[in-house]
Amino acid sequence: MSNGDGTGSEAAYRQGRDVEIRPITEEEIPAWCKALRLGFLRPHIADASELVRRQFLPGRLLAAFDGVPEPRMVATFRSFDTELTVPGGATVRADAVTSVTVTSTHRRRGLLRALMGRDLDAARERGTAVAILVAAEYTIYGRYGFGPATRQHGWTVDLNRAGGLRAGLPESPGGRTDFADMASVRELGPELHDRWRLTQPGAIARPPLWWDLRTGGVTSPGGTWKEPFTALHRDAGGTVTGLVTYRVEDVWEGGAPNCVLTVADFLALDAGTATALWRLVLSVDWVRKVVVESIGPDDPLPLLLNNPRAASPHEENADFMWLRVLDVPAAFGARTYAAPGRVVLEVDDPLGHAQGRWALETAADGTGRCTATDDVPDLLLGVGALGSLYLGAETAPRLAAAGLVVEARPGAAAAADLLLRTPLKAWNPDIF
């Protein structure tokens, strides 16, 4: 999660002779955590040094130190490598940026620009194809080349109106759904998620600490973790093919139940598994409303109901994960494409990583390559727009209509869309 420092400049940072930017040592983790809490306006939150220590990678936790009147951390920054699924099911290495803060007393000095520039340069040198983050504010990260690449999307289902699931939906013959204890979820969940994430563009890997935190194996200092309901679905052969995690708000009004069930995690490898899990969720006694906090934009949940109008969009329907292309040939060579063709992109990148003119050439088998060219461009765009197009979250015609892509050749946006469109919209359910 990222919270930046507004409109600072590199020049302003260089004028601050008493500010040093460097990686922290493991011994400096408690001070770094304190600066992080201060930057996120949460000085009252309990110290999480032990959790950060489990995530410590030399050189990947950065800080800005102000030496006057005595050295203290005034900005924080962390990154780690993860796998990002791209259209077609392949993965690329992504530089995941998080824990970005600048203390209120040191904003507008270019500290974020210096921290971000250092990290992106290092990621590019490591051969990383893209960088990703979750932006707390919309207006900050475009200036560093990031563009919205997935959306957060959910549904609220009124069970009194829904009428249950439609008849004739896909089933899982011989399959079964059972509740699982947290130890079983920690054991079986990671392998299921690793299979699922390769089917969903935009999904990222979940490290072991993710599972520990969400199953009570590790608790955050001062946290309020409560054991949720988690059910696993197995096919006829006993293989786990799905998982749903939810909590129930126990509400009674006038002596009658009016409970709300909130789905926190939903993974299904096939339609039959999804049917079985939704059947469980939509039939819990006392529950009158089901809130699905985050689900893929293409998920057909409303259409599975006898009355799709019973499902209304959840309030958190906005941009979520942002992406920045660092290595154009590597990134675009990893994903697949919808049709054969060729389009020349002229990309403006102030930081230089994706700057240039690129020919995207795709074949009938879905493969493609992106190489530097001197040919006349078809589309002109910034690197942020390139990031929005990469996973299929946006279309070239829509960005052109918004003035974020310029057609140098009439019809080029529609032609590019034929190549870049994806059968499944990008989605990432996990904050990081």
# chains A, B, ... in the order shown; residues from 1 in each chain; ligands from 1
call {"tool": "select_by_dssp", "arguments": {"residues": "stretch 211-405 of chain A", "states": "alpha helix (DSSP H)", "output": "PyMOL selection string"}}
result
chain A and resi 211-215+271-281+301-304+328-334+383-390+396-401
call {"tool": "residues_around", "arguments": {"residues": "A:Gly238", "least_positions_apart": "6", "cutoff": "10 Å", "atoms": "only C-alpha atoms", "output": "PyMOL selection string"}}
result
chain A and resi 174-176
call {"tool": "select_by_dssp", "arguments": {"residues": "stretch 170-402 of chain A", "states": "strand (DSSP E)", "output": "PyMOL selection string"}}
result
chain A and resi 176-179+229-234+240-249+252-253+256-257+259-268+287-292+311-313+318-319+321-325+341-348+356-362+368-372+379-382
call {"tool": "atom_distance", "arguments": {"atom1": "atom CA of A:Lys425", "atom2": "atom CA of A:Trp196"}}
result
14.8 Å
call {"tool": "residues_around", "arguments": {"residues": "stretch 251-263 of chain A", "least_positions_apart": "5", "cutoff": "8 Å", "atoms": "only C-alpha atoms", "output": "list in words"}}
result
Val244, Thr245, Tyr246, Val281, Trp286, Val287, Arg288, Lys289, Val290, Val291, Val292 and Glu293 of chain A
call {"tool": "residues_around", "arguments": {"residues": "stretch 92-102 of chain A", "least_positions_apart": "3", "cutoff": "7 Å", "atoms": "only C-alpha atoms", "output": "JSON, numbers by chain"}}
result
{"A": [1, 2, 3, 4, 5, 36, 39, 40, 74, 75, 76, 77, 78, 79, 80, 81, 82, 83, 84, 85, 106, 107, 123, 128, 129, 130, 131, 132, 133, 432]}
call {"tool": "residues_around", "arguments": {"residues": "A:Arg279", "least_positions_apart": "5", "cutoff": "10 Å", "atoms": "only C-alpha atoms", "output": "JSON list (two decimals) with C-alpha atoms, in the first residue's frame"}}
result
[["chain", "number", "residue", "atom", "x", "y", "z"],
["A", 164, "GLY", "CA", -31.55, -18.79, -4.87],
["A", 165, "LEU", "CA", -29.45, -20.24, -7.68],
["A", 273, "THR", "CA", -16.94, -25.86, -7.95],
["A", 274, "ALA", "CA", -18.17, -22.26, -8.11],
["A", 284, "VAL", "CA", -26.63, -20.03, 5.37]]
call {"tool": "closest_residue", "arguments": {"among": "A:Trp210, A:Tyr144, A:Trp32, A:Trp427", "to": "A:Ser294", "atoms": "only C-alpha atoms"}}
result
A:Trp427
call {"tool": "closest_residue", "arguments": {"among": "A:Trp211, A:Gly110, A:Phe179, A:Gln200", "to": "A:Leu232", "atoms": "only C-alpha atoms"}}
result
A:Phe179
call {"tool": "residues_around", "arguments": {"residues": "A:Val52", "least_positions_apart": "4", "cutoff": "10 Å", "atoms": "only C-alpha atoms", "output": "compact mmCIF listing (two decimals) with C-alpha atoms, in the first residue's frame"}}
result
# COMPACT_ATOMS: atom_id res chain seq x y z
CA GLU A 26 17.83 -5.25 10.14
CA ILE A 29 13.49 -2.17 11.55
CA PRO A 30 11.80 -0.85 14.75
CA TRP A 32 11.48 2.12 10.23
CA CYS A 33 8.16 0.72 11.52
CA ASP A 47 4.66 -2.09 16.66
CA ALA A 48 4.88 -4.70 13.88
CA PHE A 56 13.19 -8.24 5.47
CA LEU A 57 15.33 -8.38 2.33
CA LEU A 61 13.58 -1.63 2.67
call {"tool": "residues_around", "arguments": {"residues": "A:Ala415", "least_positions_apart": "5", "cutoff": "9 Å", "atoms": "only C-alpha atoms", "output": "PDB file with C-alpha atoms, in the first residue's frame"}}
result
ATOM      1  CA  GLY A 341      -1.579  -8.161 -36.491  1.00  0.00           C
ATOM      2  CA  ARG A 342       0.909  -5.367 -36.056  1.00  0.00           C
ATOM      3  CA  VAL A 343       0.773  -1.988 -34.336  1.00  0.00           C
ATOM      4  CA  ALA A 396      -7.225   1.510 -26.542  1.00  0.00           C
TER       5      ALA A 396
END
call {"tool": "closest_residue", "arguments": {"among": "A:Asp121, A:Glu315, A:Glu191, A:Asp348", "to": "A:Thr156", "atoms": "only C-alpha atoms"}}
result
A:Glu315
call {"tool": "closest_residue", "arguments": {"among": "A:Gly147, A:Gly366, A:Gly154, A:Gly67", "to": "A:Ile21", "atoms": "only C-alpha atoms"}}
result
A:Gly67
call {"tool": "atom_distance", "arguments": {"atom1": "atom CA of A:Leu209", "atom2": "atom CA of A:Thr224"}}
result
16.9 Å
